[in-house]
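Below is data_17.cif, which holds mmCIF, C-alpha atoms and all ligand atoms.
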data_upload
#
loop_
_atom_site.label_atom_id
_atom_site.label_comp_id
_atom_site.auth_asym_id
_atom_site.auth_seq_id
_atom_site.Cartn_x
_atom_site.Cartn_y
_atom_site.Cartn_z
CA MET A 1 24.11 -22.09 29.92
CA VAL A 2 22.09 -20.12 27.38
CA VAL A 3 22.79 -20.51 23.67
CA THR A 4 21.40 -17.85 21.38
CA ARG A 5 20.61 -18.39 17.73
CA LYS A 6 21.26 -15.38 15.50
CA TRP A 7 20.99 -14.49 11.83
CA ILE A 8 24.16 -12.98 10.34
CA TYR A 9 24.31 -10.87 7.18
CA VAL A 10 27.01 -12.72 5.25
CA LYS A 11 26.71 -11.36 1.70
CA PRO A 12 25.59 -7.90 0.50
CA PHE A 13 22.06 -7.79 -0.89
CA GLU A 14 21.66 -7.53 -4.62
CA GLY A 15 18.07 -7.27 -5.73
CA LEU A 16 15.65 -9.25 -3.61
CA PRO A 17 17.37 -10.87 -0.57
CA LYS A 18 18.18 -14.57 -1.00
CA ASP A 19 19.15 -17.46 1.29
CA GLU A 20 22.85 -16.88 0.52
CA ASN A 21 22.69 -13.43 2.19
CA PHE A 22 22.01 -14.96 5.61
CA LYS A 23 23.65 -17.49 7.93
CA LEU A 24 22.18 -18.93 11.12
CA GLU A 25 24.77 -19.09 13.90
CA GLU A 26 24.86 -19.96 17.60
CA GLU A 27 26.62 -18.25 20.47
CA VAL A 28 26.96 -19.16 24.15
CA LEU A 29 25.93 -16.23 26.33
CA PRO A 30 27.48 -15.26 29.68
CA GLU A 31 25.39 -14.70 32.81
CA PRO A 32 23.96 -11.16 33.04
CA ALA A 33 26.38 -8.81 34.81
CA ASP A 34 25.39 -6.00 37.14
CA ASN A 35 22.67 -3.80 35.56
CA GLU A 36 22.08 -6.32 32.74
CA PHE A 37 19.18 -8.63 31.92
CA LEU A 38 18.64 -11.61 29.66
CA ALA A 39 15.88 -11.20 27.06
CA GLU A 40 14.30 -14.18 25.32
CA ALA A 41 12.63 -13.21 22.02
CA GLU A 42 8.96 -14.04 21.62
CA PHE A 43 8.03 -12.03 18.50
CA LEU A 44 10.44 -10.57 15.97
CA SER A 45 9.66 -7.93 13.40
CA VAL A 46 10.55 -8.07 9.73
CA ASP A 47 10.41 -4.58 8.24
CA PRO A 48 11.18 -2.98 4.87
CA TYR A 49 13.87 -0.65 6.33
CA MET A 50 16.10 -3.67 7.01
CA ARG A 51 16.68 -4.01 3.26
CA PRO A 52 18.15 -0.50 2.61
CA TYR A 53 19.68 -0.06 6.09
CA MET A 54 21.79 -3.25 5.92
CA ALA A 55 23.69 -1.71 2.98
CA SER A 56 25.57 0.43 5.51
CA TYR A 57 26.57 -2.56 7.67
CA PRO A 58 29.64 -4.72 6.94
CA VAL A 59 29.13 -8.38 6.13
CA GLY A 60 29.37 -10.42 9.31
CA SER A 61 26.97 -8.06 11.12
CA LEU A 62 23.93 -9.26 13.00
CA MET A 63 20.71 -8.58 11.05
CA ILE A 64 19.07 -5.51 12.60
CA GLY A 65 15.53 -5.42 13.95
CA GLY A 66 13.11 -5.03 16.81
CA GLN A 67 11.55 -7.72 18.99
CA VAL A 68 9.24 -8.31 21.91
CA ALA A 69 11.11 -10.39 24.47
CA LYS A 70 10.58 -11.87 27.91
CA ILE A 71 13.07 -11.11 30.66
CA THR A 72 14.22 -14.46 31.99
CA ALA A 73 17.12 -13.35 34.22
CA SER A 74 17.93 -9.92 35.54
CA ARG A 75 20.35 -7.91 37.60
CA ASN A 76 18.52 -4.67 36.89
CA ASP A 77 15.58 -3.73 39.17
CA SER A 78 13.90 -1.65 36.45
CA PHE A 79 13.67 -4.73 34.19
CA PRO A 80 12.40 -7.53 36.46
CA VAL A 81 12.22 -11.22 35.56
CA GLY A 82 8.87 -12.12 33.97
CA SER A 83 8.25 -8.72 32.38
CA TYR A 84 8.30 -8.05 28.64
CA VAL A 85 10.39 -5.55 26.75
CA PHE A 86 10.60 -4.10 23.29
CA GLY A 87 14.18 -3.80 22.10
CA ASN A 88 16.14 -3.37 18.90
CA PHE A 89 18.21 -6.44 19.69
CA GLY A 90 18.49 -7.73 16.10
CA TRP A 91 17.60 -11.12 14.66
CA ARG A 92 18.54 -13.23 17.70
CA THR A 93 16.67 -15.42 20.13
CA HIS A 94 18.45 -14.42 23.36
CA THR A 95 20.22 -11.20 24.24
CA ILE A 96 22.17 -9.92 27.20
CA VAL A 97 21.12 -6.28 27.52
CA ASN A 98 22.52 -3.37 29.45
CA PRO A 99 19.74 -0.80 28.92
CA ASP A 100 22.03 2.09 29.82
CA LYS A 101 24.47 1.18 27.09
CA ASN A 102 21.84 1.48 24.34
CA SER A 103 21.84 5.02 23.06
CA GLY A 104 18.83 7.39 22.62
CA ASP A 105 16.52 6.08 19.91
CA SER A 106 17.42 2.48 20.57
CA LYS A 107 16.71 2.19 24.28
CA PRO A 108 14.68 -0.89 25.25
CA TYR A 109 11.44 -0.21 27.12
CA LEU A 110 9.05 -2.26 29.20
CA LEU A 111 6.01 -3.17 27.15
CA PRO A 112 2.90 -1.45 28.51
CA SER A 113 -0.14 -3.64 29.11
CA PHE A 114 -2.14 -4.20 25.92
CA GLY A 115 -5.10 -5.67 27.83
CA ARG A 116 -6.70 -8.48 25.86
CA HIS A 117 -4.56 -7.79 22.80
CA PRO A 118 -1.50 -9.87 21.92
CA ARG A 119 2.02 -8.78 22.85
CA SER A 120 3.01 -9.11 19.19
CA LEU A 121 1.34 -5.73 18.66
CA GLY A 122 4.45 -4.30 20.32
CA VAL A 123 6.26 -4.68 16.97
CA GLY A 124 3.17 -3.52 15.04
CA VAL A 125 0.29 -1.16 15.61
CA LEU A 126 1.42 -0.59 19.22
CA GLY A 127 5.06 -0.11 18.33
CA MET A 128 7.25 1.39 15.63
CA PRO A 129 4.89 0.94 12.61
CA GLY A 130 1.87 2.26 14.54
CA ASN A 131 3.86 5.28 15.66
CA THR A 132 5.09 5.82 12.10
CA ALA A 133 1.46 6.09 11.04
CA TYR A 134 0.38 8.20 14.00
CA PHE A 135 3.15 10.80 13.91
CA GLY A 136 4.11 10.66 10.24
CA PHE A 137 0.53 11.19 9.12
CA LEU A 138 -0.85 13.59 11.72
CA GLU A 139 2.26 15.78 12.03
CA LEU A 140 3.18 16.03 8.35
CA CYS A 141 -0.13 15.68 6.48
CA ARG A 142 -2.11 17.74 9.02
CA PRO A 143 -5.43 16.29 7.74
CA LYS A 144 -8.65 18.29 7.89
CA GLU A 145 -12.18 16.91 7.97
CA GLY A 146 -13.60 16.33 4.48
CA GLU A 147 -10.21 16.23 2.76
CA THR A 148 -9.16 13.42 0.44
CA VAL A 149 -6.26 11.31 1.71
CA VAL A 150 -4.40 8.80 -0.47
CA VAL A 151 -2.27 6.09 1.15
CA SER A 152 0.07 3.83 -0.81
CA GLY A 153 1.21 0.53 0.70
CA ALA A 154 -2.22 0.76 2.32
CA ALA A 155 -2.70 -2.86 3.41
CA GLY A 156 0.60 -3.03 5.26
CA ALA A 157 1.59 -2.36 8.87
CA VAL A 158 1.92 1.40 8.50
CA GLY A 159 -0.53 2.12 5.67
CA SER A 160 -3.49 0.28 7.20
CA VAL A 161 -3.16 2.39 10.36
CA VAL A 162 -2.71 5.66 8.43
CA GLY A 163 -5.93 5.05 6.48
CA GLN A 164 -7.92 4.32 9.63
CA ILE A 165 -6.57 7.38 11.42
CA ALA A 166 -7.56 9.43 8.37
CA LYS A 167 -11.11 8.04 8.71
CA ILE A 168 -11.10 8.90 12.42
CA LYS A 169 -10.21 12.46 11.37
CA GLY A 170 -13.20 12.59 9.01
CA CYS A 171 -11.36 12.30 5.69
CA ARG A 172 -12.25 10.50 2.47
CA VAL A 173 -9.61 7.77 2.16
CA VAL A 174 -8.24 6.04 -0.91
CA GLY A 175 -5.97 3.02 -0.35
CA ILE A 176 -3.56 1.58 -2.89
CA ALA A 177 -2.58 -2.06 -2.45
CA GLY A 178 -1.38 -5.07 -4.45
CA SER A 179 -4.29 -7.54 -4.46
CA ASP A 180 -8.09 -7.70 -4.54
CA GLU A 181 -8.08 -9.46 -1.15
CA LYS A 182 -6.07 -6.65 0.40
CA CYS A 183 -8.38 -4.05 -1.16
CA GLU A 184 -11.42 -5.89 0.19
CA TRP A 185 -9.93 -5.84 3.70
CA LEU A 186 -9.27 -2.10 3.39
CA ARG A 187 -12.89 -1.43 2.45
CA LYS A 188 -13.95 -3.46 5.52
CA LEU A 189 -11.75 -1.15 7.58
CA GLY A 190 -13.70 1.82 6.22
CA PHE A 191 -11.53 2.97 3.32
CA ASP A 192 -13.83 4.75 0.84
CA ALA A 193 -12.09 3.54 -2.30
CA THR A 194 -9.21 1.24 -3.17
CA ILE A 195 -6.97 0.62 -6.16
CA ASN A 196 -5.27 -2.69 -6.85
CA TYR A 197 -2.20 -1.20 -8.49
CA ARG A 198 -1.00 -4.56 -9.83
CA LYS A 199 -4.32 -5.06 -11.60
CA VAL A 200 -4.68 -1.61 -13.19
CA GLY A 201 -0.96 -1.46 -14.06
CA GLN A 202 1.18 1.63 -14.52
CA ASP A 203 -0.71 2.76 -17.62
CA GLY A 204 -4.13 2.50 -15.99
CA PHE A 205 -3.15 3.93 -12.63
CA GLY A 206 -3.81 7.63 -13.34
CA ALA A 207 -7.36 6.97 -14.54
CA ALA A 208 -8.09 4.65 -11.60
CA LEU A 209 -6.91 7.35 -9.19
CA LYS A 210 -9.05 9.99 -10.88
CA GLU A 211 -12.09 7.77 -10.39
CA ALA A 212 -11.21 6.98 -6.76
CA ALA A 213 -10.39 10.60 -5.86
CA PRO A 214 -12.63 12.72 -8.11
CA LYS A 215 -12.02 15.90 -6.07
CA GLY A 216 -8.22 15.53 -6.24
CA VAL A 217 -5.83 14.67 -3.40
CA ASP A 218 -5.22 16.87 -0.35
CA CYS A 219 -2.93 14.55 1.60
CA TYR A 220 -0.68 11.80 0.30
CA PHE A 221 1.00 9.35 2.68
CA ASP A 222 3.69 7.75 0.56
CA ASN A 223 5.01 4.32 1.45
CA VAL A 224 6.16 3.23 -1.98
CA GLY A 225 7.58 5.96 -4.29
CA GLY A 226 8.02 5.22 -8.01
CA TYR A 227 5.31 5.62 -10.63
CA ILE A 228 2.48 5.41 -8.06
CA SER A 229 3.77 8.49 -6.30
CA ALA A 230 4.50 10.33 -9.54
CA ALA A 231 0.87 9.81 -10.57
CA VAL A 232 -0.51 10.90 -7.16
CA LEU A 233 1.63 14.06 -7.25
CA GLY A 234 0.02 14.93 -10.59
CA GLN A 235 -3.44 14.88 -8.96
CA MET A 236 -2.66 16.87 -5.80
CA ASN A 237 -4.85 19.84 -4.90
CA LEU A 238 -3.69 23.35 -4.08
CA TYR A 239 -1.81 23.42 -0.74
CA GLY A 240 -1.64 19.61 -0.62
CA ARG A 241 0.64 17.90 1.91
CA ILE A 242 2.79 14.86 1.20
CA SER A 243 4.34 12.76 3.95
CA VAL A 244 7.16 10.66 2.49
CA CYS A 245 7.46 7.61 4.69
CA GLY A 246 9.17 5.06 2.45
CA THR A 247 9.96 4.05 -1.12
CA ILE A 248 9.66 0.28 -1.05
CA SER A 249 9.14 0.10 -4.83
CA ASN A 250 12.86 0.72 -5.25
CA TYR A 251 14.44 -0.99 -2.21
CA ASN A 252 15.26 -4.09 -4.26
CA ASP A 253 15.74 -2.47 -7.65
CA ALA A 254 17.71 0.28 -9.26
CA ARG A 255 16.04 3.66 -8.75
CA VAL A 256 13.34 4.34 -11.30
CA GLN A 257 13.20 7.45 -13.45
CA VAL A 258 10.03 9.46 -13.01
CA SER A 259 9.17 12.73 -14.72
CA ASP A 260 10.24 15.97 -13.02
CA PRO A 261 7.60 16.72 -10.34
CA GLN A 262 8.80 20.24 -9.41
CA ARG A 263 6.17 22.04 -11.47
CA GLU A 264 3.42 20.55 -9.26
CA PHE A 265 5.16 21.92 -6.17
CA VAL A 266 5.27 25.45 -7.54
CA PHE A 267 1.85 25.88 -9.07
CA LYS A 268 -0.06 23.90 -6.46
CA GLN A 269 2.09 25.22 -3.60
CA LEU A 270 2.59 21.72 -2.22
CA CYS A 271 4.44 20.79 0.92
CA GLN A 272 6.40 17.52 0.96
CA GLU A 273 8.46 16.22 3.86
CA GLY A 274 10.29 13.00 4.52
CA PHE A 275 10.77 11.63 8.02
CA ILE A 276 12.19 8.86 10.16
CA VAL A 277 9.86 7.89 12.99
CA THR A 278 12.58 8.16 15.64
CA ARG A 279 12.13 11.93 15.26
CA TRP A 280 9.30 11.44 17.77
CA THR A 281 11.17 9.22 20.25
CA LYS A 282 10.39 11.64 23.10
CA ARG A 283 6.64 11.26 22.36
CA TRP A 284 6.80 7.48 21.76
CA MET A 285 4.31 6.43 24.45
CA GLU A 286 1.79 9.05 23.29
CA GLY A 287 1.46 7.20 19.96
CA ILE A 288 1.13 3.79 21.61
CA VAL A 289 -1.43 4.99 24.16
CA GLN A 290 -3.57 6.76 21.51
CA ASN A 291 -3.50 3.82 19.09
CA LEU A 292 -4.43 1.44 21.93
CA ARG A 293 -7.29 3.75 22.92
CA TRP A 294 -8.60 3.75 19.34
CA ILE A 295 -8.35 -0.05 19.26
CA GLU A 296 -10.31 -0.26 22.52
CA GLU A 297 -12.93 2.13 21.11
CA GLY A 298 -13.34 -0.08 18.04
CA LYS A 299 -12.04 2.65 15.72
CA LEU A 300 -8.74 0.98 14.81
CA SER A 301 -8.39 -2.63 13.69
CA TYR A 302 -5.27 -4.62 13.05
CA GLN A 303 -4.22 -7.73 11.22
CA GLU A 304 -0.98 -9.66 11.53
CA THR A 305 0.69 -12.13 9.20
CA ILE A 306 2.54 -14.40 11.60
CA THR A 307 5.27 -16.81 10.48
CA GLU A 308 6.15 -19.53 12.99
CA GLY A 309 9.79 -20.31 13.70
CA PHE A 310 12.94 -18.26 14.15
CA GLU A 311 14.60 -20.24 11.35
CA GLN A 312 12.01 -18.73 8.97
CA MET A 313 13.21 -15.12 9.47
CA PRO A 314 14.73 -14.69 5.97
CA LYS A 315 11.69 -16.27 4.34
CA ALA A 316 9.29 -14.02 6.26
CA PHE A 317 11.43 -10.99 5.37
CA VAL A 318 11.36 -11.74 1.62
CA SER A 319 7.66 -12.57 1.75
CA MET A 320 6.94 -9.15 3.32
CA LEU A 321 9.07 -7.37 0.69
CA THR A 322 7.08 -9.05 -2.06
CA GLY A 323 3.62 -8.42 -0.63
CA GLY A 324 3.02 -11.72 1.21
CA ASN A 325 1.75 -9.92 4.32
CA THR A 326 -1.52 -8.24 5.12
CA GLY A 327 -1.09 -5.92 8.08
CA LYS A 328 2.06 -6.46 10.13
CA ALA A 329 4.57 -9.17 9.23
CA VAL A 330 5.75 -10.86 12.44
CA VAL A 331 7.83 -13.94 13.25
CA LYS A 332 6.92 -15.96 16.35
CA VAL A 333 9.87 -17.83 17.81
N1 LIG A 401 10.12 6.68 7.68
C1 LIG A 401 10.02 5.84 8.71
O1 LIG A 401 10.38 6.12 9.84
C2 LIG A 401 9.43 4.49 8.44
C3 LIG A 401 9.19 4.13 7.16
N2 LIG A 401 8.61 2.93 6.89
C4 LIG A 401 8.31 2.67 5.48
O2 LIG A 401 6.93 2.50 5.34
C5 LIG A 401 6.65 1.62 4.26
C6 LIG A 401 5.71 0.52 4.74
O3 LIG A 401 6.34 -0.20 5.77
P1 LIG A 401 5.54 -1.36 6.52
O4 LIG A 401 4.15 -0.91 6.73
O5 LIG A 401 6.33 -1.80 7.67
O6 LIG A 401 5.56 -2.52 5.42
P2 LIG A 401 4.29 -3.30 4.86
O7 LIG A 401 3.64 -4.03 5.97
O8 LIG A 401 3.50 -2.33 4.07
O9 LIG A 401 4.96 -4.37 3.91
C7 LIG A 401 5.55 -4.02 2.73
C8 LIG A 401 4.51 -3.95 1.59
O10 LIG A 401 5.03 -3.19 0.52
C9 LIG A 401 4.29 -3.49 -0.64
N3 LIG A 401 5.16 -3.44 -1.81
C10 LIG A 401 6.22 -4.23 -2.10
N4 LIG A 401 6.75 -3.89 -3.29
C11 LIG A 401 6.01 -2.87 -3.76
C12 LIG A 401 6.06 -2.07 -4.95
N5 LIG A 401 6.98 -2.27 -5.90
N6 LIG A 401 5.13 -1.10 -5.11
C13 LIG A 401 4.18 -0.89 -4.17
N7 LIG A 401 4.09 -1.61 -3.03
C14 LIG A 401 5.00 -2.57 -2.82
C15 LIG A 401 3.71 -4.89 -0.44
O11 LIG A 401 2.28 -4.78 -0.45
P3 LIG A 401 1.43 -4.86 -1.81
O12 LIG A 401 0.87 -6.24 -1.87
O13 LIG A 401 0.40 -3.81 -1.62
O14 LIG A 401 2.38 -4.61 -2.94
C16 LIG A 401 4.20 -5.29 0.95
O15 LIG A 401 3.26 -6.01 1.66
C17 LIG A 401 7.98 1.13 3.75
O16 LIG A 401 8.38 1.92 2.65
C18 LIG A 401 8.92 1.41 4.93
O17 LIG A 401 10.26 1.57 4.53
C19 LIG A 401 8.24 2.05 7.86
C20 LIG A 401 8.48 2.35 9.16
C21 LIG A 401 9.15 3.58 9.57
C1 LIG A 402 14.66 1.86 14.72
C2 LIG A 402 13.90 1.61 13.47
C3 LIG A 402 13.67 2.85 12.62
C4 LIG A 402 12.99 2.50 11.34
C5 LIG A 402 12.98 3.61 10.39
C6 LIG A 402 12.48 3.19 9.07
C7 LIG A 402 12.76 3.88 8.00
C8 LIG A 402 12.31 3.46 6.68
O1 LIG A 402 11.72 2.43 6.45
#
Could I get this structure in the form of structure tokens?
Amino acid sequence: MVVTRKWIYVKPFEGLPKDENFKLEEEVLPEPADNEFLAEAEFLSVDPYMRPYMASYPVGSLMIGGQVAKITASRNDSFPVGSYVFGNFGWRTHTIVNPDKNSGDSKPYLLPSFGRHPRSLGVGVLGMPGNTAYFGFLELCRPKEGETVVVSGAAGAVGSVVGQIAKIKGCRVVGIAGSDEKCEWLRKLGFDATINYRKVGQDGFGAALKEAAPKGVDCYFDNVGGYISAAVLGQMNLYGRISVCGTISNYNDARVQVSDPQREFVFKQLCQEGFIVTRWTKRWMEGIVQNLRWIEEGKLSYQETITEGFEQMPKAFVSMLTGGNTGKAVVKV
């Protein structure tokens, strides 16, 4: 008999998530039926999107999310016992999966070999966040050698990869992050300049950016929105490109008012586009293979902030939302 533990969303989020929003429950699972397999979670992801996305789920729903899991029983030849999968199974330790019943974007897939690198990268640089960086930056910013690229949320799972890809493409890269330690790590990764936005504050941000990007900004990869993005928009160059990936500065708060940016779009002929990474589902493995190749070539580094224990999922989630992670926030069961 297999008993799964699972985190249920029991109260709508208001502001930063709190203990009262979550409840840990247990459920006895049946044996896998024909075509099904049993997946035992090894690493679970905590990601910013879970905060806004849960607003469209009713209370009583399982918390959503991806995981790397081991197949421990199977009646599906394509998913043999002993292999590892990535799946959007939610915050649960064990899952009975029928891969054919998961639709399009959410289909589980066998984890490719990462060589000497840990399987946890399957929820990080070699999974959804890495692909967000790879496709969201290259396809929408279309960087050219010598251009200045600014990345907000730069020391996180997505931003740290975007900045390194920008360096691979020969750009000057400015990273914006929330602590001196994070900024130091970014400079070790090769970022040319960094801004600790918490230290310079909203009033000092424009001047700090001018110093870090004296030739203006050609590409902006936006993970945060709010006043940081308003200030970057004001320093864009002619024909600049802006890839809007996320707006974490307002996931827990009411939306902030920023001044009307439209003028910049007209007179600098800017191009801004938002995206959801699943747009590139058909090219998913291309992103993973290329990021792994860059890791193997020593051009792409990663860091993970690993929290031990499935019971710590809510804590790890809140910690990530408030800047407790450097690189990818992961929970190890
Ligand atoms: N469009 C898409 O398909 C996808 C979008 N995303 C988005 O990308 C962004 C980054 O995600 P991910 O890399 O997984 O997360 P991160 O690993 O970057 O973790 C979140 C980070 O956000 C920063 N942060 C929190 N509050 C603020 C704030 N008020 N202002 C600025 N920064 C803040 C914190 O770093 P710090 O210490 O620097 O403040 C924190 O560590 C998010 O907006 C997310 O929603 C992610 C995946 C897919
Ligand atoms: C299946 C996960 C998709 C995540 C998209 C994220 C959007 C914003 O954070």
*Please provide the set of residues having any atom within 10 Å of Gln312 (chain A), restricted to all atoms listed in the file, with same-chain residues fewer than 3 positions apart removed, written as a ChimeraX atom specification.*
/A:307-309,315-317,331-333
*Rank nothing, just name the residue among A:Gln235, A:Gln272, A:Ser61, A:Tyr197 nearest to Ser249 (chain A), using only C-alpha atoms.*
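Among the listed residues, A:Tyr197 lies closest to Ser249 (chain A).
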_For a test of reading the model, state the distance in Å between CA of Trp284 (chain A) and CA of Asn131 (chain A), rounded to one decimal._
7.1 Å
*Distance query 9 Å from (25.9, -8.6, 35.0) using only C-alpha atoms, result as JSON, numbers by chain*: {"A": [30, 31, 32, 33, 34, 35, 36, 37, 74, 75, 76, 96, 98]}
*Please tell me which residues are no farther than 12 Å from (-9.0, -9.6, 3.3) in the file, counting only C-alpha atoms, and write them as a count of residues only.*
23
*Nearest to Gly163 (chain A): which of A:Pro112, A:Met285, A:Leu62, A:Ser301 is it, counting only C-alpha atoms?*
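Of the candidates, the smallest distance to Gly163 (chain A) is held by A:Ser301.
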_Contacts to ligand LIG 402 (chain A) at 9 Å cut-off (all atoms listed in the file) as a ChimeraX atom specification_ = /A:47-53,64-66,88,105-106,128-129,132,223,245-248,275-278
*asked:* Applying 6 Å and all atoms listed in the file, which residues near Ala41 (chain A) remain after dropping the ones on its own chain fewer than 5 positions away? List them as number ranges by chain.
replied: A: 68-69, 93
*Atom pair CA of Ala193 (chain A) / CA of Val174 (chain A): separation (Å)*: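 The value is 4.8 Å.
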_With distances taken over all atoms listed in the file, which residue among A:Ala254, A:Ala154, A:Ile295, A:Leu233 lies nearest ligand LIG 401 (chain A)?_
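Among A:Ala254, A:Ala154, A:Ile295, A:Leu233, it is A:Ala154 that comes nearest to ligand LIG 401 (chain A).
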*Return the single residue from A:Ser243, A:Gln67, A:Thr4, A:Asn102 that is closest to ligand LIG 401 (chain A), with distances computed using all atoms listed in the file.*
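Nearest to ligand LIG 401 (chain A): A:Ser243.
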*May I have the residues within 12 Å of Met63 (chain A) as a PyMOL selection string, using all atoms listed in the file and disregarding those fewer than 4 positions away in the same chain?*
chain A and resi 5-12+21-25+44-47+49-59+88-92+313-314+317
_Env of Arg119 (chain A): 9 Å cut, atoms = all atoms listed in the file, seq-sep filter 3 positions within chain, self excluded. Answer as a PyMOL selection string._
chain A and resi 42-43+68+84+111+113-114+122-123+126
Saved selection, atoms kept: C-alpha atoms, as a PDB file, keeping the file's coordinate frame:
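And here's result.pdb as it stands now:
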ATOM      1  CA  GLU A  42       8.960 -14.040  21.620  1.00  0.00           C
ATOM      2  CA  PHE A  43       8.030 -12.030  18.500  1.00  0.00           C
ATOM      3  CA  VAL A  68       9.240  -8.310  21.910  1.00  0.00           C
ATOM      4  CA  TYR A  84       8.300  -8.050  28.640  1.00  0.00           C
ATOM      5  CA  LEU A 111       6.010  -3.170  27.150  1.00  0.00           C
ATOM      6  CA  SER A 113      -0.140  -3.640  29.110  1.00  0.00           C
ATOM      7  CA  PHE A 114      -2.140  -4.200  25.920  1.00  0.00           C
ATOM      8  CA  GLY A 122       4.450  -4.300  20.320  1.00  0.00           C
ATOM      9  CA  VAL A 123       6.260  -4.680  16.970  1.00  0.00           C
ATOM     10  CA  LEU A 126       1.420  -0.590  19.220  1.00  0.00           C
TER      11      LEU A 126
END
Given 8 Å on each side, where is the centre and what are the edge lengths in Å to one decimal of the axis-aligned box enclosing the listed atoms of ligand LIG 401 (chain A), as JSON?
{"center_x": 5.4, "center_y": 0.2, "center_z": 2.0, "size_x": 26.0, "size_y": 28.9, "size_z": 31.7}
Reconstruct region 258-271 of chain A at the level of N, CA and C atoms, and format the result as a PDB file, keeping the file's coordinate frame.
ATOM      1  N   VAL A 258      11.388   8.940 -12.847  1.00  0.00           N
ATOM      2  CA  VAL A 258      10.030   9.460 -13.010  1.00  0.00           C
ATOM      3  C   VAL A 258      10.150  10.894 -13.531  1.00  0.00           C
ATOM      4  N   SER A 259       9.075  11.399 -14.126  1.00  0.00           N
ATOM      5  CA  SER A 259       9.170  12.730 -14.720  1.00  0.00           C
ATOM      6  C   SER A 259       9.335  13.784 -13.614  1.00  0.00           C
ATOM      7  N   ASP A 260       9.941  14.887 -13.961  1.00  0.00           N
ATOM      8  CA  ASP A 260      10.240  15.970 -13.020  1.00  0.00           C
ATOM      9  C   ASP A 260       8.966  16.491 -12.349  1.00  0.00           C
ATOM     10  N   PRO A 261       8.854  16.327 -11.017  1.00  0.00           N
ATOM     11  CA  PRO A 261       7.600  16.720 -10.340  1.00  0.00           C
ATOM     12  C   PRO A 261       7.587  18.177  -9.863  1.00  0.00           C
ATOM     13  N   GLN A 262       8.674  18.923 -10.055  1.00  0.00           N
ATOM     14  CA  GLN A 262       8.800  20.240  -9.410  1.00  0.00           C
ATOM     15  C   GLN A 262       7.682  21.211  -9.760  1.00  0.00           C
ATOM     16  N   ARG A 263       7.225  21.140 -11.011  1.00  0.00           N
ATOM     17  CA  ARG A 263       6.170  22.040 -11.470  1.00  0.00           C
ATOM     18  C   ARG A 263       4.932  21.966 -10.559  1.00  0.00           C
ATOM     19  N   GLU A 264       4.592  20.723 -10.143  1.00  0.00           N
ATOM     20  CA  GLU A 264       3.420  20.550  -9.260  1.00  0.00           C
ATOM     21  C   GLU A 264       3.627  21.315  -7.949  1.00  0.00           C
ATOM     22  N   PHE A 265       4.880  21.275  -7.451  1.00  0.00           N
ATOM     23  CA  PHE A 265       5.160  21.920  -6.170  1.00  0.00           C
ATOM     24  C   PHE A 265       4.984  23.437  -6.264  1.00  0.00           C
ATOM     25  N   VAL A 266       5.377  23.985  -7.391  1.00  0.00           N
ATOM     26  CA  VAL A 266       5.270  25.450  -7.540  1.00  0.00           C
ATOM     27  C   VAL A 266       3.810  25.859  -7.700  1.00  0.00           C
ATOM     28  N   PHE A 267       3.168  25.326  -8.725  1.00  0.00           N
ATOM     29  CA  PHE A 267       1.850  25.880  -9.070  1.00  0.00           C
ATOM     30  C   PHE A 267       0.740  25.435  -8.126  1.00  0.00           C
ATOM     31  N   LYS A 268       0.963  24.301  -7.451  1.00  0.00           N
ATOM     32  CA  LYS A 268      -0.060  23.900  -6.460  1.00  0.00           C
ATOM     33  C   LYS A 268       0.403  24.213  -5.040  1.00  0.00           C
ATOM     34  N   GLN A 269       1.556  24.809  -4.912  1.00  0.00           N
ATOM     35  CA  GLN A 269       2.090  25.220  -3.600  1.00  0.00           C
ATOM     36  C   GLN A 269       2.045  24.067  -2.604  1.00  0.00           C
ATOM     37  N   LEU A 270       2.621  22.935  -3.040  1.00  0.00           N
ATOM     38  CA  LEU A 270       2.590  21.720  -2.220  1.00  0.00           C
ATOM     39  C   LEU A 270       3.672  21.747  -1.146  1.00  0.00           C
ATOM     40  N   CYS A 271       3.449  20.939  -0.144  1.00  0.00           N
ATOM     41  CA  CYS A 271       4.440  20.790   0.920  1.00  0.00           C
ATOM     42  C   CYS A 271       4.758  19.314   1.065  1.00  0.00           C
TER      43      CYS A 271
END
